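Student: Next up, work_2.pdb (PDB, N, CA and C atoms, pLDDT in the B column).
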ATOM      1  N   MET A 957      44.690 215.749 118.211  1.00 58.00           N
ATOM      2  CA  MET A 957      45.719 216.079 117.255  1.00 58.00           C
ATOM      3  C   MET A 957      46.696 214.912 117.143  1.00 58.00           C
ATOM      4  N   ASP A 958      47.024 214.569 115.929  1.00 77.00           N
ATOM      5  CA  ASP A 958      47.926 213.447 115.674  1.00 77.00           C
ATOM      6  C   ASP A 958      49.371 213.864 115.969  1.00 77.00           C
ATOM      7  N   PRO A 959      50.068 213.122 116.840  1.00 83.00           N
ATOM      8  CA  PRO A 959      51.442 213.521 117.167  1.00 83.00           C
ATOM      9  C   PRO A 959      52.455 213.229 116.055  1.00 83.00           C
ATOM     10  N   TYR A 960      52.109 212.391 115.102  1.00 86.00           N
ATOM     11  CA  TYR A 960      53.033 212.011 114.027  1.00 86.00           C
ATOM     12  C   TYR A 960      52.361 212.150 112.658  1.00 86.00           C
ATOM     13  N   PRO A 961      52.118 213.368 112.201  1.00 91.00           N
ATOM     14  CA  PRO A 961      51.380 213.532 110.934  1.00 91.00           C
ATOM     15  C   PRO A 961      52.158 213.055 109.713  1.00 91.00           C
ATOM     16  N   THR A 962      53.474 213.199 109.717  1.00 92.00           N
ATOM     17  CA  THR A 962      54.254 212.772 108.557  1.00 92.00           C
ATOM     18  C   THR A 962      54.268 211.259 108.443  1.00 92.00           C
ATOM     19  N   ILE A 963      54.410 210.577 109.560  1.00 92.00           N
ATOM     20  CA  ILE A 963      54.375 209.116 109.539  1.00 92.00           C
ATOM     21  C   ILE A 963      53.006 208.631 109.102  1.00 92.00           C
ATOM     22  N   LYS A 964      51.964 209.292 109.578  1.00 91.00           N
ATOM     23  CA  LYS A 964      50.605 208.927 109.161  1.00 91.00           C
ATOM     24  C   LYS A 964      50.444 209.095 107.654  1.00 91.00           C
ATOM     25  N   LEU A 965      50.968 210.191 107.100  1.00 93.00           N
ATOM     26  CA  LEU A 965      50.893 210.424 105.662  1.00 93.00           C
ATOM     27  C   LEU A 965      51.633 209.326 104.894  1.00 93.00           C
ATOM     28  N   ILE A 966      52.824 208.960 105.346  1.00 95.00           N
ATOM     29  CA  ILE A 966      53.595 207.921 104.658  1.00 95.00           C
ATOM     30  C   ILE A 966      52.904 206.563 104.756  1.00 95.00           C
ATOM     31  N   VAL A 967      52.329 206.256 105.899  1.00 93.00           N
ATOM     32  CA  VAL A 967      51.640 204.964 106.058  1.00 93.00           C
ATOM     33  C   VAL A 967      50.414 204.896 105.159  1.00 93.00           C
ATOM     34  N   GLU A 968      49.651 205.983 105.102  1.00 94.00           N
ATOM     35  CA  GLU A 968      48.403 205.963 104.341  1.00 94.00           C
ATOM     36  C   GLU A 968      48.610 206.139 102.835  1.00 94.00           C
ATOM     37  N   ARG A 969      49.532 206.991 102.432  1.00 96.00           N
ATOM     38  CA  ARG A 969      49.702 207.325 101.018  1.00 96.00           C
ATOM     39  C   ARG A 969      51.093 206.983 100.490  1.00 96.00           C
ATOM     40  N   GLY A 970      51.756 206.034 101.128  1.00 95.00           N
ATOM     41  CA  GLY A 970      53.125 205.699 100.768  1.00 95.00           C
ATOM     42  C   GLY A 970      53.293 205.187  99.352  1.00 95.00           C
ATOM     43  N   ASN A 971      52.357 204.388  98.875  1.00 96.00           N
ATOM     44  CA  ASN A 971      52.474 203.859  97.514  1.00 96.00           C
ATOM     45  C   ASN A 971      52.429 204.977  96.479  1.00 96.00           C
ATOM     46  N   LEU A 972      51.512 205.912  96.653  1.00 97.00           N
ATOM     47  CA  LEU A 972      51.414 207.042  95.731  1.00 97.00           C
ATOM     48  C   LEU A 972      52.652 207.936  95.818  1.00 97.00           C
ATOM     49  N   LEU A 973      53.138 208.163  97.037  1.00 97.00           N
ATOM     50  CA  LEU A 973      54.350 208.968  97.207  1.00 97.00           C
ATOM     51  C   LEU A 973      55.546 208.330  96.513  1.00 97.00           C
ATOM     52  N   ALA A 974      55.667 207.011  96.624  1.00 97.00           N
ATOM     53  CA  ALA A 974      56.783 206.316  95.980  1.00 97.00           C
ATOM     54  C   ALA A 974      56.717 206.457  94.463  1.00 97.00           C
ATOM     55  N   ILE A 975      55.530 206.376  93.905  1.00 97.00           N
ATOM     56  CA  ILE A 975      55.376 206.518  92.452  1.00 97.00           C
ATOM     57  C   ILE A 975      55.724 207.934  92.016  1.00 97.00           C
ATOM     58  N   VAL A 976      55.180 208.922  92.716  1.00 97.00           N
ATOM     59  CA  VAL A 976      55.414 210.320  92.337  1.00 97.00           C
ATOM     60  C   VAL A 976      56.888 210.684  92.471  1.00 97.00           C
ATOM     61  N   ILE A 977      57.497 210.339  93.582  1.00 97.00           N
ATOM     62  CA  ILE A 977      58.907 210.659  93.785  1.00 97.00           C
ATOM     63  C   ILE A 977      59.786 209.850  92.839  1.00 97.00           C
ATOM     64  N   GLY A 978      59.380 208.622  92.546  1.00 97.00           N
ATOM     65  CA  GLY A 978      60.129 207.813  91.603  1.00 97.00           C
ATOM     66  C   GLY A 978      60.109 208.358  90.186  1.00 97.00           C
ATOM     67  N   LEU A 979      59.062 209.056  89.819  1.00 97.00           N
ATOM     68  CA  LEU A 979      58.969 209.617  88.467  1.00 97.00           C
ATOM     69  C   LEU A 979      59.727 210.940  88.299  1.00 97.00           C
ATOM     70  N   LEU A 980      60.116 211.562  89.383  1.00 97.00           N
ATOM     71  CA  LEU A 980      60.779 212.864  89.289  1.00 97.00           C
ATOM     72  C   LEU A 980      62.071 212.847  88.474  1.00 97.00           C
ATOM     73  N   PRO A 981      62.971 211.859  88.633  1.00 97.00           N
ATOM     74  CA  PRO A 981      64.168 211.874  87.784  1.00 97.00           C
ATOM     75  C   PRO A 981      63.855 211.736  86.295  1.00 97.00           C
ATOM     76  N   LEU A 982      62.868 210.938  85.953  1.00 97.00           N
ATOM     77  CA  LEU A 982      62.493 210.779  84.555  1.00 97.00           C
ATOM     78  C   LEU A 982      61.927 212.078  83.988  1.00 97.00           C
ATOM     79  N   VAL A 983      61.090 212.739  84.750  1.00 97.00           N
ATOM     80  CA  VAL A 983      60.524 214.013  84.304  1.00 97.00           C
ATOM     81  C   VAL A 983      61.636 215.039  84.122  1.00 97.00           C
ATOM     82  N   GLY A 984      62.569 215.084  85.055  1.00 96.00           N
ATOM     83  CA  GLY A 984      63.692 215.999  84.926  1.00 96.00           C
ATOM     84  C   GLY A 984      64.537 215.707  83.698  1.00 96.00           C
ATOM     85  N   ALA A 985      64.749 214.417  83.413  1.00 96.00           N
ATOM     86  CA  ALA A 985      65.519 214.039  82.230  1.00 96.00           C
ATOM     87  C   ALA A 985      64.782 214.421  80.956  1.00 96.00           C
ATOM     88  N   LEU A 986      63.469 214.254  80.931  1.00 96.00           N
ATOM     89  CA  LEU A 986      62.695 214.649  79.752  1.00 96.00           C
ATOM     90  C   LEU A 986      62.749 216.155  79.531  1.00 96.00           C
ATOM     91  N   VAL A 987      62.718 216.921  80.611  1.00 96.00           N
ATOM     92  CA  VAL A 987      62.819 218.379  80.489  1.00 96.00           C
ATOM     93  C   VAL A 987      64.190 218.756  79.946  1.00 96.00           C
ATOM     94  N   LEU A 988      65.231 218.126  80.460  1.00 95.00           N
ATOM     95  CA  LEU A 988      66.577 218.407  79.948  1.00 95.00           C
ATOM     96  C   LEU A 988      66.701 218.030  78.477  1.00 95.00           C
ATOM     97  N   ALA A 989      66.124 216.909  78.090  1.00 94.00           N
ATOM     98  CA  ALA A 989      66.174 216.492  76.685  1.00 94.00           C
ATOM     99  C   ALA A 989      65.403 217.469  75.800  1.00 94.00           C
ATOM    100  N   ALA A 990      64.327 218.024  76.324  1.00 94.00           N
ATOM    101  CA  ALA A 990      63.550 218.992  75.548  1.00 94.00           C
ATOM    102  C   ALA A 990      64.332 220.281  75.318  1.00 94.00           C
ATOM    103  N   PHE A 991      65.250 220.598  76.225  1.00 93.00           N
ATOM    104  CA  PHE A 991      66.065 221.806  76.078  1.00 93.00           C
ATOM    105  C   PHE A 991      67.359 221.561  75.317  1.00 93.00           C
ATOM    106  N   GLY A 992      67.494 220.377  74.735  1.00 88.00           N
ATOM    107  CA  GLY A 992      68.623 220.136  73.862  1.00 88.00           C
ATOM    108  C   GLY A 992      69.792 219.389  74.477  1.00 88.00           C
ATOM    109  N   ILE A 993      69.666 218.938  75.710  1.00 89.00           N
ATOM    110  CA  ILE A 993      70.723 218.118  76.295  1.00 89.00           C
ATOM    111  C   ILE A 993      70.687 216.760  75.600  1.00 89.00           C
ATOM    112  N   HIS A 994      71.765 216.041  75.642  1.00 90.00           N
ATOM    113  CA  HIS A 994      71.886 214.764  74.931  1.00 90.00           C
ATOM    114  C   HIS A 994      70.734 213.814  75.271  1.00 90.00           C
ATOM    115  N   TRP A 995      70.268 213.038  74.303  1.00 89.00           N
ATOM    116  CA  TRP A 995      69.115 212.153  74.486  1.00 89.00           C
ATOM    117  C   TRP A 995      69.404 210.998  75.439  1.00 89.00           C
ATOM    118  N   LEU A 996      70.658 210.670  75.660  1.00 94.00           N
ATOM    119  CA  LEU A 996      70.979 209.597  76.604  1.00 94.00           C
ATOM    120  C   LEU A 996      70.608 209.949  78.041  1.00 94.00           C
ATOM    121  N   VAL A 997      70.380 211.234  78.271  1.00 95.00           N
ATOM    122  CA  VAL A 997      69.929 211.675  79.591  1.00 95.00           C
ATOM    123  C   VAL A 997      68.585 211.030  79.932  1.00 95.00           C
ATOM    124  N   VAL A 998      67.754 210.793  78.943  1.00 95.00           N
ATOM    125  CA  VAL A 998      66.449 210.173  79.180  1.00 95.00           C
ATOM    126  C   VAL A 998      66.630 208.735  79.682  1.00 95.00           C
ATOM    127  N   ILE A 999      67.578 208.015  79.120  1.00 97.00           N
ATOM    128  CA  ILE A 999      67.841 206.650  79.582  1.00 97.00           C
ATOM    129  C   ILE A 999      68.365 206.674  81.017  1.00 97.00           C
ATOM    130  N   ALA A1000      69.281 207.586  81.283  1.00 97.00           N
ATOM    131  CA  ALA A1000      69.800 207.721  82.649  1.00 97.00           C
ATOM    132  C   ALA A1000      68.676 208.105  83.617  1.00 97.00           C
ATOM    133  N   GLY A1001      67.773 208.965  83.187  1.00 97.00           N
ATOM    134  CA  GLY A1001      66.635 209.344  84.025  1.00 97.00           C
ATOM    135  C   GLY A1001      65.704 208.175  84.302  1.00 97.00           C
ATOM    136  N   ALA A1002      65.514 207.310  83.297  1.00 97.00           N
ATOM    137  CA  ALA A1002      64.667 206.132  83.499  1.00 97.00           C
ATOM    138  C   ALA A1002      65.297 205.170  84.499  1.00 97.00           C
ATOM    139  N   VAL A1003      66.604 204.973  84.384  1.00 98.00           N
ATOM    140  CA  VAL A1003      67.302 204.099  85.341  1.00 98.00           C
ATOM    141  C   VAL A1003      67.249 204.707  86.744  1.00 98.00           C
ATOM    142  N   ALA A1004      67.493 206.004  86.826  1.00 98.00           N
ATOM    143  CA  ALA A1004      67.432 206.679  88.124  1.00 98.00           C
ATOM    144  C   ALA A1004      66.027 206.605  88.720  1.00 98.00           C
ATOM    145  N   SER A1005      65.015 206.706  87.880  1.00 98.00           N
ATOM    146  CA  SER A1005      63.639 206.596  88.365  1.00 98.00           C
ATOM    147  C   SER A1005      63.363 205.222  88.956  1.00 98.00           C
ATOM    148  N   ALA A1006      63.849 204.181  88.295  1.00 98.00           N
ATOM    149  CA  ALA A1006      63.654 202.826  88.818  1.00 98.00           C
ATOM    150  C   ALA A1006      64.342 202.655  90.162  1.00 98.00           C
ATOM    151  N   VAL A1007      65.551 203.171  90.280  1.00 98.00           N
ATOM    152  CA  VAL A1007      66.293 203.059  91.544  1.00 98.00           C
ATOM    153  C   VAL A1007      65.606 203.851  92.656  1.00 98.00           C
ATOM    154  N   VAL A1008      65.202 205.075  92.358  1.00 98.00           N
ATOM    155  CA  VAL A1008      64.535 205.908  93.361  1.00 98.00           C
ATOM    156  C   VAL A1008      63.210 205.294  93.778  1.00 98.00           C
ATOM    157  N   TYR A1009      62.455 204.738  92.826  1.00 98.00           N
ATOM    158  CA  TYR A1009      61.190 204.086  93.162  1.00 98.00           C
ATOM    159  C   TYR A1009      61.426 202.903  94.098  1.00 98.00           C
ATOM    160  N   PHE A1010      62.443 202.083  93.793  1.00 98.00           N
ATOM    161  CA  PHE A1010      62.752 200.944  94.656  1.00 98.00           C
ATOM    162  C   PHE A1010      63.136 201.414  96.058  1.00 98.00           C
ATOM    163  N   LEU A1011      63.961 202.425  96.163  1.00 98.00           N
ATOM    164  CA  LEU A1011      64.366 202.938  97.471  1.00 98.00           C
ATOM    165  C   LEU A1011      63.180 203.525  98.237  1.00 98.00           C
ATOM    166  N   MET A1012      62.307 204.235  97.544  1.00 97.00           N
ATOM    167  CA  MET A1012      61.130 204.806  98.213  1.00 97.00           C
ATOM    168  C   MET A1012      60.175 203.723  98.692  1.00 97.00           C
ATOM    169  N   ARG A1013      59.999 202.671  97.874  1.00 97.00           N
ATOM    170  CA  ARG A1013      59.127 201.573  98.305  1.00 97.00           C
ATOM    171  C   ARG A1013      59.672 200.905  99.562  1.00 97.00           C
ATOM    172  N   SER A1014      60.988 200.692  99.607  1.00 97.00           N
ATOM    173  CA  SER A1014      61.571 200.066 100.790  1.00 97.00           C
ATOM    174  C   SER A1014      61.451 200.995 102.001  1.00 97.00           C
ATOM    175  N   TYR A1015      61.615 202.294 101.800  1.00 97.00           N
ATOM    176  CA  TYR A1015      61.461 203.250 102.897  1.00 97.00           C
ATOM    177  C   TYR A1015      60.026 203.231 103.431  1.00 97.00           C
ATOM    178  N   VAL A1016      59.056 203.221 102.538  1.00 97.00           N
ATOM    179  CA  VAL A1016      57.650 203.187 102.956  1.00 97.00           C
ATOM    180  C   VAL A1016      57.365 201.913 103.757  1.00 97.00           C
ATOM    181  N   GLU A1017      57.887 200.792 103.314  1.00 97.00           N
ATOM    182  CA  GLU A1017      57.673 199.540 104.046  1.00 97.00           C
ATOM    183  C   GLU A1017      58.307 199.597 105.432  1.00 97.00           C
ATOM    184  N   LEU A1018      59.502 200.163 105.516  1.00 96.00           N
ATOM    185  CA  LEU A1018      60.153 200.283 106.829  1.00 96.00           C
ATOM    186  C   LEU A1018      59.359 201.189 107.767  1.00 96.00           C
ATOM    187  N   VAL A1019      58.861 202.292 107.247  1.00 95.00           N
ATOM    188  CA  VAL A1019      58.060 203.185 108.079  1.00 95.00           C
ATOM    189  C   VAL A1019      56.783 202.491 108.524  1.00 95.00           C
ATOM    190  N   ARG A1020      56.162 201.727 107.655  1.00 95.00           N
ATOM    191  CA  ARG A1020      54.941 200.999 108.031  1.00 95.00           C
ATOM    192  C   ARG A1020      55.214 199.973 109.115  1.00 95.00           C
ATOM    193  N   VAL A1021      56.327 199.259 109.001  1.00 95.00           N
ATOM    194  CA  VAL A1021      56.674 198.268 110.030  1.00 95.00           C
ATOM    195  C   VAL A1021      56.928 198.960 111.362  1.00 95.00           C
ATOM    196  N   MET A1022      57.696 200.033 111.343  1.00 93.00           N
ATOM    197  CA  MET A1022      57.969 200.760 112.593  1.00 93.00           C
ATOM    198  C   MET A1022      56.696 201.343 113.171  1.00 93.00           C
ATOM    199  N   ALA A1023      55.832 201.876 112.355  1.00 91.00           N
ATOM    200  CA  ALA A1023      54.584 202.448 112.847  1.00 91.00           C
ATOM    201  C   ALA A1023      53.693 201.371 113.461  1.00 91.00           C
ATOM    202  N   ASP A1024      53.645 200.206 112.853  1.00 90.00           N
ATOM    203  CA  ASP A1024      52.836 199.118 113.411  1.00 90.00           C
ATOM    204  C   ASP A1024      53.379 198.630 114.738  1.00 90.00           C
ATOM    205  N   MET A1025      54.692 198.627 114.881  1.00 90.00           N
ATOM    206  CA  MET A1025      55.294 198.077 116.092  1.00 90.00           C
ATOM    207  C   MET A1025      55.419 199.086 117.225  1.00 90.00           C
ATOM    208  N   LEU A1026      55.659 200.348 116.902  1.00 84.00           N
ATOM    209  CA  LEU A1026      56.039 201.291 117.941  1.00 84.00           C
ATOM    210  C   LEU A1026      54.971 202.309 118.325  1.00 84.00           C
ATOM    211  N   ILE A1027      54.091 202.641 117.402  1.00 79.00           N
ATOM    212  CA  ILE A1027      53.092 203.658 117.709  1.00 79.00           C
ATOM    213  C   ILE A1027      51.850 202.991 118.278  1.00 79.00           C
ATOM    214  N   PRO A1028      51.453 203.371 119.477  1.00 76.00           N
ATOM    215  CA  PRO A1028      50.241 202.757 120.063  1.00 76.00           C
ATOM    216  C   PRO A1028      48.999 203.142 119.274  1.00 76.00           C
ATOM    217  N   LYS A1029      48.070 202.200 119.230  1.00 70.00           N
ATOM    218  CA  LYS A1029      46.839 202.448 118.468  1.00 70.00           C
ATOM    219  C   LYS A1029      45.672 202.670 119.377  1.00 70.00           C
TER     220      LYS A1029
END
Could you express the structure from this file as structure tokens?
Tutor:
Amino acid sequence: MDPYPTIKLIVERGNLLAIVIGLLPLVGALVLAAFGIHWLVVIAGAVASAVVYFLMRSYVELVRVMADMLIPK
């Protein structure tokens, strides 16, 4: 049994996780725009998506570095 399943998931599928989580603000903004909220929400959602994607990519890289250095293989 793997003692660190979440770290293993992030190391193996981190790129996909960063993309999916990064797209969530944009999807939320599109849903809000579809319900009649101001269209500028879509631009804000796109900017938020870029920021969240960048933060998730850096988090995935940090977890990969820590996993390579600290978890015995």
Student: Can you tell me which residues surround Val997 (chain A) at a distance of at most 8 Å, considering only C-alpha atoms, apart from same-chain residues fewer than 6 positions away, and format the answer as number ranges by chain?
Tutor: A: 985-986, 988-989
Student: For a test of reading the model, state the distance in Å between atom N of Ile993 (chain A) and atom N of Phe1010 (chain A), rounded to one decimal.
Tutor: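 Between these atoms lies a distance of 25.8 Å.
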Student: Could you work out how far CA of Pro961 (chain A) lies from atom C of Leu1011 (chain A), giving the answer in Å with one decimal?
Tutor: 20.0 Å
Student: So which residues touch Leu1018 (chain A) within 12 Å, counting only C-alpha atoms, skipping near sequence neighbours fewer than 5 positions away, as a list of chain:residue names?
Tutor: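 Here the answer would be A:Ile963, A:Ile966, A:Val967, A:Gly970, A:Leu1011, A:Met1012, A:Arg1013, A:Ala1023, A:Asp1024, A:Met1025, A:Leu1026.
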Student: Which one of A:Phe991, A:Tyr1009, A:Tyr960, A:Tyr1015 sits closest to Ala974 (chain A) if you count only C-alpha atoms?
Tutor: A:Tyr1009
Student: Mind giving me the straight-line distance from atom N of Leu979 (chain A) to atom C of Ser1005 (chain A) in Å, one decimal?
Tutor: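 One can read the atom N of Leu979 (chain A) to atom C of Ser1005 (chain A) distance as 5.8 Å.
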Student: Of the candidates A:Asp958, A:Asn971, A:Val1019, A:Gly978, which shows the shortest atom-to-atom distance to Ala1006 (chain A), using all atoms listed in the file?
Tutor: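 Answer, going by the shortest atom-to-atom distance: A:Gly978.
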Student: Find the residue from A:Lys1029, A:Ala1004, A:Leu965, A:Arg1020 that sits nearest to Pro981 (chain A); use only C-alpha atoms when measuring.
Tutor: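 Using only C-alpha atoms, Pro981 (chain A) sits closest to A:Ala1004.
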